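Participant: The following block contains the structure, expressed as C-alpha cells.
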Amino acid sequence: MDEVGLSFFAELFAHTFGFWWVIIPAIFLGLIVGAIPGFSAANTIIILLPLTLAMGEEIGLVFMVALYCSSRMGAGIPAILVNIPGTAGAAATPLDGYPMTKQGKGPQALAISFVSSTFGGLLTTIVVLFVMPYVAQVVYYLHSVEMIVVMLFGISLIATIAARDTLKGLIAGFFGLMIGAIGADHVYATPRGTLGFLELYDGVPLIPALVGLFAISEAFLIIEGESILSKKGQVLMRDAKWAETFEGAREALKRWWHIVWTSLIGLVIGVVPGAGAAIASFVAYQQSKTFSKTPELYGTGHVEGLVAPESANNGVTSGTLVPLLVIGIPGGATAAIMLVVLQFHGTTVGPDLFIQKPLLAYGVFSSMAVTYVLMILTVFPLARYMSRVTMVSTVYIAPVIISFTLVGSFVPRAYVFDMYLALAFGVIGYIARKTGYHVAAILIGVILGPLLEQYFLRALKMSKGDIMVIFSSNIGNVLWVCLLLSLAVPYLKERHRKRSAARDALRRGEEAELGGTTE
Amino acid sequence: MTPGKFTLDRRTMLQGGAAAVGGAALTASPLAGAFADTFPSRNLSVMVATREGGGADRNLRAFWGVWKKYLKTDMEASFYPGAAGRVGYQQYMGIAKPDAYTLLFGNMGPETLNWVVKKPSGFDFPGDYIYFNRVDVDPSCIFVDAKRSKFKTIDDIVAEGKKRTLNVGVSRIAHPASLGVLALGRHTGAKFNLIPLSGGKNTYAGVKSGEMDFGALPMSGTAKRHKTFSTMLIFDDKTYSDGLMKKLNNAPLVNRHFGMKLPPLVSARAFAIKTEAVEKHPDRFKILEETAAKVFKDPDYKAAVEKAKAPWELIRHGNAQECADYAKSIMAIGEQYKDLLSGKA
Amino acid sequence: MSVEPSPDGPGKKSLGPDLIIPVGAVLFTLYYFSTIIDSPWTAQVSAFFVGAILLLLSFVFLAVTGLRVARGQADLRMDGLLAPRSVALRRLALFALTLSYIFFIDRLGFTITTFLFIFLGMFLLSGWQRAKKRLILALSAVLSVGGYLLFVVAFQRRFPEGPFEQLFKALVASTGGG
C-alpha cells in the first residue's frame, strides 16, 4: 500500500463522484429501508441481490456501500420523530432525540442527527483510509475476554438511565437481560425459558422486541392526546422555517469534538466482528454522559445525547468493512453480504485485494466518503419537511404505526408468531412506561444480554470454567479499570459539585452576614 | 447465485407465514388450476430449514433452475431458519400435506445430529420423513490461519494437543466437523476443547483472530479462502482433483493418515419428503426421484453450479438408499459421542 | 414515563401497576430456572447470575412498596394503568383490534387486513361523529395498497396471502408479466 499516494486518492475520489447517479438513488432507498423496522441494509441487499449481481462489480459495490451508510442515518429518523428506532443500532437515538421532537424541535433534532451521522461517518472513513492496516489489528487484540468488558460498558448504560429511579431502572435492565437469556444455550443448544415456543430457540428476535417496546407501546400512549407534540411544541413546529434546521446544524457543529471521539468509539467497536452498532451507540451515549459537564440534561432532549449515538453508529459502518478488506473476515451482516457479491464477481476479498485491485479496495471507502458528502447535500434540506410528520394527528399516526411496525416485525423471519411477540412486548412496554420503568433499559438488556453471555461463555469454556479468566488479559484489565473509572466518575463529579455548591453557599452566607454587619 | 431466471420465479413466491405456506400451496388456488392426472399439476412448495440468501438457498436455486425443466412446474420456496434447522423440520412435519407437493430441503449432517442430541417432538426420525435426493457433499476439515499459525501439519496439532488442551473453533457442537475433532482427539490422545462460535463466518473470525488454535468446518469454505486459511486434515475417504487438493493444501485424509475407520463426515444437502407421502403416492415419488436424477447429467446444471463458484466435484447425487445409509452412519457416530454433544459428560 | 397520581389525592399513590413488572419478573425468572435445572453448567451460569440479581432487586422493590402501603402512604389500586379514563375504552378497543389484525392477516392476507385495520383504527380513535370519513377511506386504501406494492411487489417479501394477493398474482400471470 506504500505506493499509494495523494494523487491516487484525488483520482479515486474524482472517479467515485462519477457514480453519483447510483449513489443518490441508493441513499434514498437506504433512508426508507433504514426507517422501517424489520428492514435493514443487510436484508435489502439480499432482496436486491439479483439486481446487485447484475450491476457489475464496481457499480454494485458503490450501490451497496451507499445503501449501507444511508440506512444507518434512516434508522435515526423515526427514532427522533416518533420514538421508534428503525434498527437496533438507533436504539439510543430516541433517548434525547424524541424529547427534542416533543418540544417542537423536530427539525433541529433531525439536523443534528444528519450532521453528526455524516461527519462521524466521513471522519471515520478518512481515518480508515489512512490507517486501515493498524485499525484492523483490533481484531487480534479484542478477544472474548476483552469483549466482555466492552459489553459491560454498554450495559452500564442501564445504571446511567436508572439514575432517576435506581431500583426501577435496574429492575427494568435486569428484566431485559433475563428476557435476552431466552433461547438455546450457546454451547449445547439446550432450550431455556422458551415457554415451549420453537420460534424462541434462537433467542428473542430483536425487531419484534424493538417494535413492541418502542413503537406499539408508543402508539397506545400517544392516543391520549391529539398530537405527539407538547402545546409549546405545536406552536414552534407551526412556525418552523429553515432557520430551525440550520440551528440544529450549528448546534451539532459546535460540538465537533464530541462527534470526533464518539465516532471513533464506533469505529473501534465496528472493527470487532459481531459487535455491531447497538453496542457502539450505547457505549458512546454512556461515555458522553459520563464526561459531560451537564449529565443531568441527558434524556431531556440534550444535543450531546443525540450527537453521541448518531456519530457512533456511523463510525461502526466504516469499522465493519475494515476486517473484511484487510483480513477477509466481515465485521457484520451487511459486510458479509458484500463479500458474497464480490465473490460472485470472482474477487477474493482479503489483504491481496489492495495489491490486485487497489481501485476496488480503496474504492469501498472512497464511495463511503462520497456518499456522505452527497448525503448531507440531498438529505439535510429534507429535515424541515420530514419533521412535519409530527404535526399529523395521533388519530392517523397511531394505526399506521401499529400496522406498519407489526408487519416490519414479520419481515426478518416471516413468522406470524413474531407479530404476536411484538404485541406482547408492546404490552410490556406500555406497562413499563405507565409505571416509570425505562423501556430503553429493557431493550439494552434484550440486545446486549445474549452478546454478553456469548462472550462470557466462550471465555469460560476456553478456560474450562475458571472464572478468573475474565482478568487474564492485559488489555482486558486496562479496560476493567477504565470501566470502573467511568462508573465512578459521575459519582465523584456529583460529590465534587455538591461540595463546591455547599462551599459556595457557605461563602455567600458568610459574605451576606459580613455585608450585613458592615452596613 | 443465479440472477435473471430465478428473479422471475421469486415474483411468484409471495407466500409467508407458517400456516399460509402449507395452506396456499395446498389448497387449490385460482392459479393452481384443476387437478390433472399428471404429477405435478401445480407448483411444488419447498421448505428450506435455513436462512434466505445462504448456502442452501444458493444450492437450491441452482438445482431448481434445472429440475423445473423436467418437472414442468414452478417452485415456491419458503425459509424456516431457527434452532439449527429444527424449526424448519417441525414446521414441515406439522403443516405439509402428505401429497408429495411439499418437500423439504436441508443439510443432512448437522440436522440429523439435532435429533441425536434432542429427539424431535411429534414425529420420528428415521421413520416419518426420508431424504431422497442428495445434491452435494462437503467433507469436514481442520484448518489453521495460513500466515500466523505455528502449525504446519496435522501432526504438529496432535503433538501440541498432547501437551496442552487446544481450543477448537467450530460452527456448533452438533456438527459432523465437531464429531471429527472429537474422534481424532479420542484416537490420538490429544486434548481438544470445542468452542462453538455459531456459524462458519464467526468460526473463520475466531481462527483468524488467533483466539482459537484451529478450526473445523466443511472444506468447500476453506478451499475458497485458501489464501487465508490452510487446510490440515480432511474427514473423507477419497481425494479430489489436483486443483481442489492444492487449494486444500494437499491435506491428508483422516483414515489413511491416522489408521482410523471413520465414515466420511460430510455436510450434505438433500431434499426430503414425508414417508406417508411416499407410501400414499409411490408414483409421484418415482417421478420426483427420476427427474431429480436427470438434473445431475444436464450440462445446464454444471454451468449453474460453476457460475455460483462451487466446486463441481462436490456435487454428488445420492438416492434415497444412499441418503438413508449416510443418515444412519452419522447418527451412529453421534450416539457414540452423545454425552459430549449434549454436555452431559 | 409518567406515574399516574392516585385519584385519592396528592398524598396517596396507587402503586398496584408498579408491581406488575417486578412480579412478572419474579415469576418469569422462577419459570426460567425451572427450565435449566437439569442443563449443563454452560446453560446455567449466566442465567443464575442475572436471575439472582433480578430476584433480589424485585424483592427489595416489593418490600419497599409493602412498607409504604403498610404506613398508609400508598395503596395497591390498579386504576392508574389505563388512565386517563377518557381514553381507557378506546385503548382497550385498539388493543383488541390489533390482536384481530394479527389473527386475520394470516387468513385474509396483508392488503385487505391492513386496509380494514387502518380504516377501523382511525375511525375508532376519531369517533364516528368527528371522523373525516372520506379522508380515512382514502388513507386506508392508499396505505394498504402502497404497503403491498412496497413490501411485496418491490421488496418481494413473503407476506401472508389472501384474495387480493391471489387476484393480483392471477392478473400478473394472465398478462404474462412478472
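By convention here, the chains of the C-alpha cells are called A, B, ... in the order presented, each chain's residues are numbered starting at 1, and ligands are numbered starting at 1 in the order presented.
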Can you tell me, as a VMD selection string, what residues are no more than 9 Å from segment 116-130 of chain A when counting only C-alpha atoms, ignoring any on the same chain fewer than 3 positions away?
Facilitator: chain A and resid 69 72 to 73 111 to 113 133 to 135 249 252 to 253 256 259 to 264 266 to 267 306 to 319 322 362 365 to 366 368 to 373 375 to 376
Participant: Restricted to N, CA and C atoms, what would the selected residues look like written as a compact mmCIF listing (two decimals), in the first residue's frame?
Facilitator:
# COMPACT_ATOMS: atom_id res chain seq x y z
N CYS A 69 -24.59 3.06 4.25
CA CYS A 69 -24.37 4.30 5.01
C CYS A 69 -25.69 5.02 5.27
N ARG A 72 -28.24 3.60 7.87
CA ARG A 72 -27.89 3.91 9.26
C ARG A 72 -28.51 5.24 9.66
N MET A 73 -28.44 6.19 8.75
CA MET A 73 -29.00 7.50 9.02
C MET A 73 -30.53 7.41 9.02
N ALA A 111 -31.63 17.67 12.03
CA ALA A 111 -30.41 18.28 11.50
C ALA A 111 -29.20 17.85 12.31
N ILE A 112 -29.37 17.79 13.62
CA ILE A 112 -28.26 17.33 14.48
C ILE A 112 -27.88 15.90 14.12
N SER A 113 -28.91 15.07 13.96
CA SER A 113 -28.65 13.67 13.61
C SER A 113 -27.95 13.57 12.26
N PRO A 133 -4.60 -0.69 7.98
CA PRO A 133 -3.93 -1.90 8.47
C PRO A 133 -3.77 -1.89 9.99
N TYR A 134 -3.60 -0.68 10.55
CA TYR A 134 -3.43 -0.62 12.02
C TYR A 134 -4.76 -0.84 12.72
N VAL A 135 -5.81 -0.23 12.16
CA VAL A 135 -7.14 -0.38 12.78
C VAL A 135 -7.55 -1.86 12.78
N ALA A 249 -27.95 22.27 12.76
CA ALA A 249 -26.63 22.01 12.19
C ALA A 249 -25.57 22.75 12.99
N ALA A 252 -24.87 21.07 16.28
CA ALA A 252 -24.05 19.85 16.13
C ALA A 252 -22.60 20.22 15.82
N LEU A 253 -22.41 21.16 14.91
CA LEU A 253 -21.05 21.51 14.50
C LEU A 253 -20.26 22.13 15.66
N TRP A 256 -18.10 19.66 17.57
CA TRP A 256 -17.32 18.85 16.62
C TRP A 256 -16.42 17.86 17.34
N ILE A 259 -18.37 14.83 18.22
CA ILE A 259 -18.57 13.97 17.05
C ILE A 259 -17.31 13.14 16.81
N VAL A 260 -16.15 13.80 16.93
CA VAL A 260 -14.89 13.11 16.65
C VAL A 260 -14.72 11.90 17.56
N TRP A 261 -14.80 12.13 18.87
CA TRP A 261 -14.44 10.99 19.72
C TRP A 261 -15.51 9.92 19.81
N THR A 262 -16.79 10.32 19.70
CA THR A 262 -17.82 9.27 19.75
C THR A 262 -17.82 8.44 18.45
N SER A 263 -17.50 9.09 17.32
CA SER A 263 -17.46 8.29 16.09
C SER A 263 -16.26 7.35 16.11
N LEU A 264 -15.18 7.76 16.78
CA LEU A 264 -14.03 6.86 16.87
C LEU A 264 -14.35 5.64 17.75
N GLY A 266 -17.22 4.28 17.83
CA GLY A 266 -17.97 3.45 16.89
C GLY A 266 -17.03 2.70 15.96
N LEU A 267 -16.02 3.38 15.47
CA LEU A 267 -15.09 2.76 14.53
C LEU A 267 -14.42 1.53 15.16
N LEU A 306 -27.80 13.23 21.62
CA LEU A 306 -28.21 12.81 20.28
C LEU A 306 -26.99 12.67 19.36
N VAL A 307 -26.03 13.58 19.56
CA VAL A 307 -24.82 13.54 18.74
C VAL A 307 -24.08 12.21 18.95
N ALA A 308 -23.94 11.80 20.22
CA ALA A 308 -23.10 10.64 20.54
C ALA A 308 -23.56 9.36 19.83
N PRO A 309 -24.81 8.91 20.01
CA PRO A 309 -25.16 7.65 19.35
C PRO A 309 -25.17 7.75 17.83
N GLU A 310 -25.55 8.91 17.31
CA GLU A 310 -25.65 9.03 15.86
C GLU A 310 -24.27 9.03 15.19
N SER A 311 -23.30 9.70 15.80
CA SER A 311 -21.98 9.64 15.15
C SER A 311 -21.34 8.28 15.40
N ALA A 312 -21.62 7.68 16.56
CA ALA A 312 -21.02 6.37 16.84
C ALA A 312 -21.54 5.31 15.88
N ASN A 313 -22.85 5.29 15.60
CA ASN A 313 -23.32 4.19 14.75
C ASN A 313 -22.86 4.35 13.30
N ASN A 314 -22.58 5.58 12.90
CA ASN A 314 -21.99 5.71 11.56
C ASN A 314 -20.50 5.38 11.56
N GLY A 315 -19.87 5.56 12.72
CA GLY A 315 -18.47 5.12 12.85
C GLY A 315 -18.38 3.61 12.68
N VAL A 316 -19.39 2.90 13.19
CA VAL A 316 -19.42 1.44 13.07
C VAL A 316 -19.44 1.02 11.59
N THR A 317 -20.21 1.77 10.80
CA THR A 317 -20.34 1.44 9.38
C THR A 317 -18.96 1.38 8.72
N SER A 318 -18.12 2.37 9.03
CA SER A 318 -16.77 2.34 8.46
C SER A 318 -15.99 1.16 9.03
N GLY A 319 -16.18 0.93 10.33
CA GLY A 319 -15.40 -0.10 11.01
C GLY A 319 -15.66 -1.50 10.51
N VAL A 322 -13.56 -2.83 7.64
CA VAL A 322 -12.11 -2.94 7.75
C VAL A 322 -11.64 -4.40 7.81
N TYR A 362 -9.75 0.40 -2.19
CA TYR A 362 -9.87 1.75 -1.64
C TYR A 362 -11.20 2.38 -2.07
N PHE A 365 -14.02 2.68 0.42
CA PHE A 365 -14.03 3.80 1.36
C PHE A 365 -14.24 5.14 0.66
N SER A 366 -13.73 5.23 -0.58
CA SER A 366 -14.00 6.49 -1.28
C SER A 366 -15.49 6.59 -1.59
N MET A 368 -17.79 5.48 0.27
CA MET A 368 -18.39 5.87 1.54
C MET A 368 -18.28 7.38 1.72
N ALA A 369 -17.08 7.89 1.51
CA ALA A 369 -16.85 9.32 1.71
C ALA A 369 -17.74 10.13 0.77
N VAL A 370 -17.80 9.72 -0.49
CA VAL A 370 -18.61 10.45 -1.46
C VAL A 370 -20.09 10.36 -1.08
N THR A 371 -20.51 9.17 -0.60
CA THR A 371 -21.89 9.01 -0.16
C THR A 371 -22.23 10.02 0.93
N TYR A 372 -21.32 10.15 1.89
CA TYR A 372 -21.60 11.08 2.99
C TYR A 372 -21.73 12.51 2.47
N VAL A 373 -20.86 12.87 1.55
CA VAL A 373 -20.91 14.23 1.01
C VAL A 373 -22.25 14.44 0.29
N MET A 375 -24.90 12.76 0.70
CA MET A 375 -26.00 12.55 1.63
C MET A 375 -26.35 13.86 2.34
N ILE A 376 -25.34 14.57 2.80
CA ILE A 376 -25.64 15.80 3.53
C ILE A 376 -26.28 16.81 2.58
Participant: Would you pick out the contacts of segment 251-258 of chain B at 6 Å or less, using only C-alpha atoms, so that residues sharing its chain but fewer than 6 positions from it are not included, and give the list as a PyMOL selection string?
Facilitator: chain B and resi 232-235
Participant: Pick out each residue of segment 2-178 of chain C that DSSP on the backbone tags as alpha helix (DSSP H); I need them as a count of residues only.
Facilitator: 115
Participant: Do a neighbour search on Trp41 of chain C at 10 Å with only C-alpha atoms, toss out local chain neighbours closer than 4 positions, and write the hits as a PDB file with N, CA and C atoms, in the first residue's frame.
Facilitator:
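Contents of the output file result-v6.pdb:
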ATOM      1  N   ASP A 185     -28.972 -22.524  24.772  1.00  0.00           N
ATOM      2  CA  ASP A 185     -27.692 -22.034  25.286  1.00  0.00           C
ATOM      3  C   ASP A 185     -26.631 -22.115  24.194  1.00  0.00           C
ATOM      4  N   VAL A 187     -23.642 -23.156  23.947  1.00  0.00           N
ATOM      5  CA  VAL A 187     -22.706 -24.270  23.770  1.00  0.00           C
ATOM      6  C   VAL A 187     -23.436 -25.552  23.348  1.00  0.00           C
ATOM      7  N   TYR A 188     -24.383 -26.000  24.151  1.00  0.00           N
ATOM      8  CA  TYR A 188     -25.012 -27.286  23.847  1.00  0.00           C
ATOM      9  C   TYR A 188     -26.430 -27.160  23.300  1.00  0.00           C
ATOM     10  N   LEU A 457     -19.461 -17.024  28.006  1.00  0.00           N
ATOM     11  CA  LEU A 457     -19.389 -18.485  27.954  1.00  0.00           C
ATOM     12  C   LEU A 457     -18.195 -18.955  27.146  1.00  0.00           C
ATOM     13  N   GLY A 465     -14.014 -23.295  32.663  1.00  0.00           N
ATOM     14  CA  GLY A 465     -14.832 -22.936  33.816  1.00  0.00           C
ATOM     15  C   GLY A 465     -14.141 -22.073  34.861  1.00  0.00           C
TER      16      GLY A 465
ATOM     17  N   GLY B 343     -23.304 -32.106  26.355  1.00  0.00           N
ATOM     18  CA  GLY B 343     -22.753 -31.532  27.584  1.00  0.00           C
ATOM     19  C   GLY B 343     -23.061 -32.338  28.826  1.00  0.00           C
ATOM     20  N   LYS B 344     -23.442 -33.610  28.619  1.00  0.00           N
ATOM     21  CA  LYS B 344     -23.785 -34.421  29.796  1.00  0.00           C
ATOM     22  C   LYS B 344     -22.599 -35.260  30.254  1.00  0.00           C
TER      23      LYS B 344
ATOM     24  N   ILE C  36     -33.851 -24.816  33.384  1.00  0.00           N
ATOM     25  CA  ILE C  36     -32.411 -25.102  33.231  1.00  0.00           C
ATOM     26  C   ILE C  36     -31.845 -25.926  34.372  1.00  0.00           C
ATOM     27  N   ILE C  37     -32.734 -26.379  35.226  1.00  0.00           N
ATOM     28  CA  ILE C  37     -32.256 -27.030  36.444  1.00  0.00           C
ATOM     29  C   ILE C  37     -31.418 -28.284  36.122  1.00  0.00           C
ATOM     30  N   VAL C  45     -24.966 -20.836  34.095  1.00  0.00           N
ATOM     31  CA  VAL C  45     -24.146 -19.882  34.846  1.00  0.00           C
ATOM     32  C   VAL C  45     -24.632 -18.441  34.703  1.00  0.00           C
ATOM     33  N   SER C  46     -24.799 -18.026  33.461  1.00  0.00           N
ATOM     34  CA  SER C  46     -25.149 -16.637  33.208  1.00  0.00           C
ATOM     35  C   SER C  46     -26.559 -16.327  33.721  1.00  0.00           C
TER      36      SER C  46
END
Participant: Taking only C-alpha atoms into account, name the residue in C:Ser100, C:Leu167, C:Asp18, C:Leu92 that is nearest to Asp75 of chain C.
Facilitator: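 Smallest distance to Asp75 of chain C is found for C:Asp18.
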Participant: What are the residues of chain A lining chain B at 7 Å or less? Count only C-alpha atoms, and put the answer as a PyMOL selection string.
Facilitator: chain A and resi 46+50+139-140+143+187-188+198-199+201-202+329+344+414-416+458+461-462
Participant: Set the distance at 12 Å and use only C-alpha atoms: which residues neighbour Met419 of chain A once local chain neighbours fewer than 3 positions away are removed? I'd like the list as a PyMOL selection string.
Facilitator: (chain A and resi 38+199+205+207-212+216+402-416+422-426) or (chain B and resi 17) or (chain C and resi 98-106)
Participant: Taking 6 positions as the minimum chain separation for residues in the same chain, which residues sit within 12 Å of Lys105 of chain A when counting only C-alpha atoms? Answer as a PyMOL selection string.
Facilitator: chain A and resi 80-81+96-99+111-112+229-230+232-241+243-248+301-303+383-384+387-388+390-391
Participant: With C-alpha atoms retained, export the selected residues as a PDB file, in the first residue's frame.
Facilitator:
ATOM      1  CA  ILE A  80     -36.268  11.008  16.625  1.00  0.00           C
ATOM      2  CA  LEU A  81     -39.701  11.841  15.238  1.00  0.00           C
ATOM      3  CA  ASP A  96     -32.638  12.573  23.610  1.00  0.00           C
ATOM      4  CA  GLY A  97     -33.949  12.825  20.076  1.00  0.00           C
ATOM      5  CA  TYR A  98     -37.596  12.187  20.918  1.00  0.00           C
ATOM      6  CA  PRO A  99     -37.791  14.642  23.826  1.00  0.00           C
ATOM      7  CA  ALA A 111     -30.415  18.284  11.502  1.00  0.00           C
ATOM      8  CA  ILE A 112     -28.260  17.335  14.480  1.00  0.00           C
ATOM      9  CA  LEU A 229     -46.052  17.432  20.482  1.00  0.00           C
ATOM     10  CA  SER A 230     -46.372  19.474  23.637  1.00  0.00           C
ATOM     11  CA  LYS A 232     -45.460  24.776  23.113  1.00  0.00           C
ATOM     12  CA  GLY A 233     -44.024  22.295  20.630  1.00  0.00           C
ATOM     13  CA  GLN A 234     -47.085  22.612  18.405  1.00  0.00           C
ATOM     14  CA  VAL A 235     -46.639  26.368  18.232  1.00  0.00           C
ATOM     15  CA  LEU A 236     -42.945  26.048  17.485  1.00  0.00           C
ATOM     16  CA  MET A 237     -43.494  23.443  14.771  1.00  0.00           C
ATOM     17  CA  ARG A 238     -46.180  25.528  13.105  1.00  0.00           C
ATOM     18  CA  ASP A 239     -43.765  28.394  12.756  1.00  0.00           C
ATOM     19  CA  ALA A 240     -40.732  26.255  11.853  1.00  0.00           C
ATOM     20  CA  LYS A 241     -38.700  27.584   8.937  1.00  0.00           C
ATOM     21  CA  ALA A 243     -33.700  28.702  10.470  1.00  0.00           C
ATOM     22  CA  GLU A 244     -34.512  25.766  12.775  1.00  0.00           C
ATOM     23  CA  THR A 245     -32.756  23.303  10.520  1.00  0.00           C
ATOM     24  CA  PHE A 246     -29.667  25.484  10.365  1.00  0.00           C
ATOM     25  CA  GLU A 247     -29.800  25.997  14.092  1.00  0.00           C
ATOM     26  CA  GLY A 248     -29.612  22.200  14.512  1.00  0.00           C
ATOM     27  CA  GLY A 301     -33.518  16.492  24.743  1.00  0.00           C
ATOM     28  CA  HIS A 302     -29.824  17.262  25.141  1.00  0.00           C
ATOM     29  CA  VAL A 303     -27.840  17.891  21.958  1.00  0.00           C
ATOM     30  CA  ALA A 383     -35.211  17.721   7.712  1.00  0.00           C
ATOM     31  CA  ARG A 384     -37.711  20.544   7.745  1.00  0.00           C
ATOM     32  CA  SER A 387     -40.388  16.704  10.779  1.00  0.00           C
ATOM     33  CA  ARG A 388     -43.837  17.826   9.610  1.00  0.00           C
ATOM     34  CA  THR A 390     -45.106  15.179  13.957  1.00  0.00           C
ATOM     35  CA  MET A 391     -47.888  17.659  13.154  1.00  0.00           C
TER      36      MET A 391
END
Participant: Write out as a PyMOL selection string the residues lying within 12 Å of Leu353 of chain A, counting only C-alpha atoms and excluding same-chain residues fewer than 6 positions away.
Facilitator: (chain A and resi 1+324-328+342-343+346-347+359-364) or (chain B and resi 227)
Participant: Taking 4 positions as the minimum chain separation for residues in the same chain, which residues sit within 9 Å of Ser70 of chain A when counting only C-alpha atoms? Answer as a ChimeraX atom specification.
Facilitator: /A:26-31,34,41,65-66,74-75,371-372,375
Participant: Using DSSP on the backbone coordinates, identify all residues within segment 12-254 of chain B classified as strand (DSSP E or B); present the result as number ranges by chain.
Facilitator: B: 44-48, 75-79, 102-107, 129-134, 138-145, 166-170, 192-196, 214-218, 229-234, 253
Participant: Select from chain A every residue with an atom at most 6 Å from any atom of chain C, then for each give the shortest pair of atoms and their distance in Å to one decimal, using only C-alpha atoms, rows by chain and rising number, as a Markdown table.
Facilitator:
| residue | atom | partner | partner_atom | distance |
| --- | --- | --- | --- | --- |
| A:Phe174 | CA | C:Leu54 | CA | 5.6 |
| A:Asp185 | CA | C:Ala43 | CA | 5.1 |
| A:Arg192 | CA | C:Thr35 | CA | 5.6 |
| A:Gly193 | CA | C:Tyr32 | CA | 4.6 |
| A:Val395 | CA | C:Leu125 | CA | 5.3 |
| A:Tyr396 | CA | C:Met122 | CA | 5.8 |
| A:Pro399 | CA | C:Ile118 | CA | 5.5 |
| A:Arg433 | CA | C:Met1 | CA | 4.5 |
| A:Lys434 | CA | C:Ser2 | CA | 5.6 |
| A:Thr435 | CA | C:Val3 | CA | 5.0 |
| A:Gly436 | CA | C:Met1 | CA | 4.9 |
Participant: Limited to C-alpha atoms, could you put the picked residues into a file as a tab-separated table (two decimals), in the first residue's frame?
Facilitator:
chain	number	residue	atom	x	y	z
A	174	PHE	CA	-32.12	-6.99	34.52
A	185	ASP	CA	-27.69	-22.03	25.29
A	192	ARG	CA	-34.12	-22.30	28.06
A	193	GLY	CA	-37.15	-20.29	29.08
A	395	VAL	CA	-55.72	9.63	15.26
A	396	TYR	CA	-53.98	8.92	11.96
A	399	PRO	CA	-52.97	2.93	13.50
A	433	ARG	CA	-43.85	3.45	30.50
A	434	LYS	CA	-47.01	3.92	32.54
A	435	THR	CA	-45.23	2.91	35.72
A	436	GLY	CA	-41.86	4.56	35.25
Participant: Which one of C:Gly109, C:Leu135, C:Leu150, C:Trp128 sits closest to chain B if you count only C-alpha atoms?
Facilitator: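 Among the listed residues, the smallest separation from chain B belongs to C:Gly109.
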Participant: Hey, which of A:Ser144, A:Ser281, A:Gln108, A:Ser367 ends up closest to Ile475 of chain A? Count only C-alpha atoms.
Facilitator: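 The shortest atom-to-atom distance to Ile475 of chain A comes from A:Ser144.
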Participant: Determine the nearest neighbour of chain B from the options C:Arg68, C:Arg107, C:Lys13, C:Arg130, counting only C-alpha atoms.
Facilitator: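 Residue with the minimum atom-to-atom distance to chain B: C:Arg107.
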Participant: Hey, can you check how far atom CA of Asp138 of chain B sits from atom CA of Ser267 of chain B?
Facilitator: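 These two atoms are separated by 5.0 Å.
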Participant: What is the distance, in Å and to one decimal place, between atom CA of Val158 of chain B and atom CA of His187 of chain B?
Facilitator: 10.4 Å
Participant: How many Å lie between atom CA of His317 of chain B and atom CA of Phe143 of chain B, rounded to one decimal?
Facilitator: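 Atom-to-atom, atom CA of His317 of chain B to atom CA of Phe143 of chain B, that is 26.7 Å.
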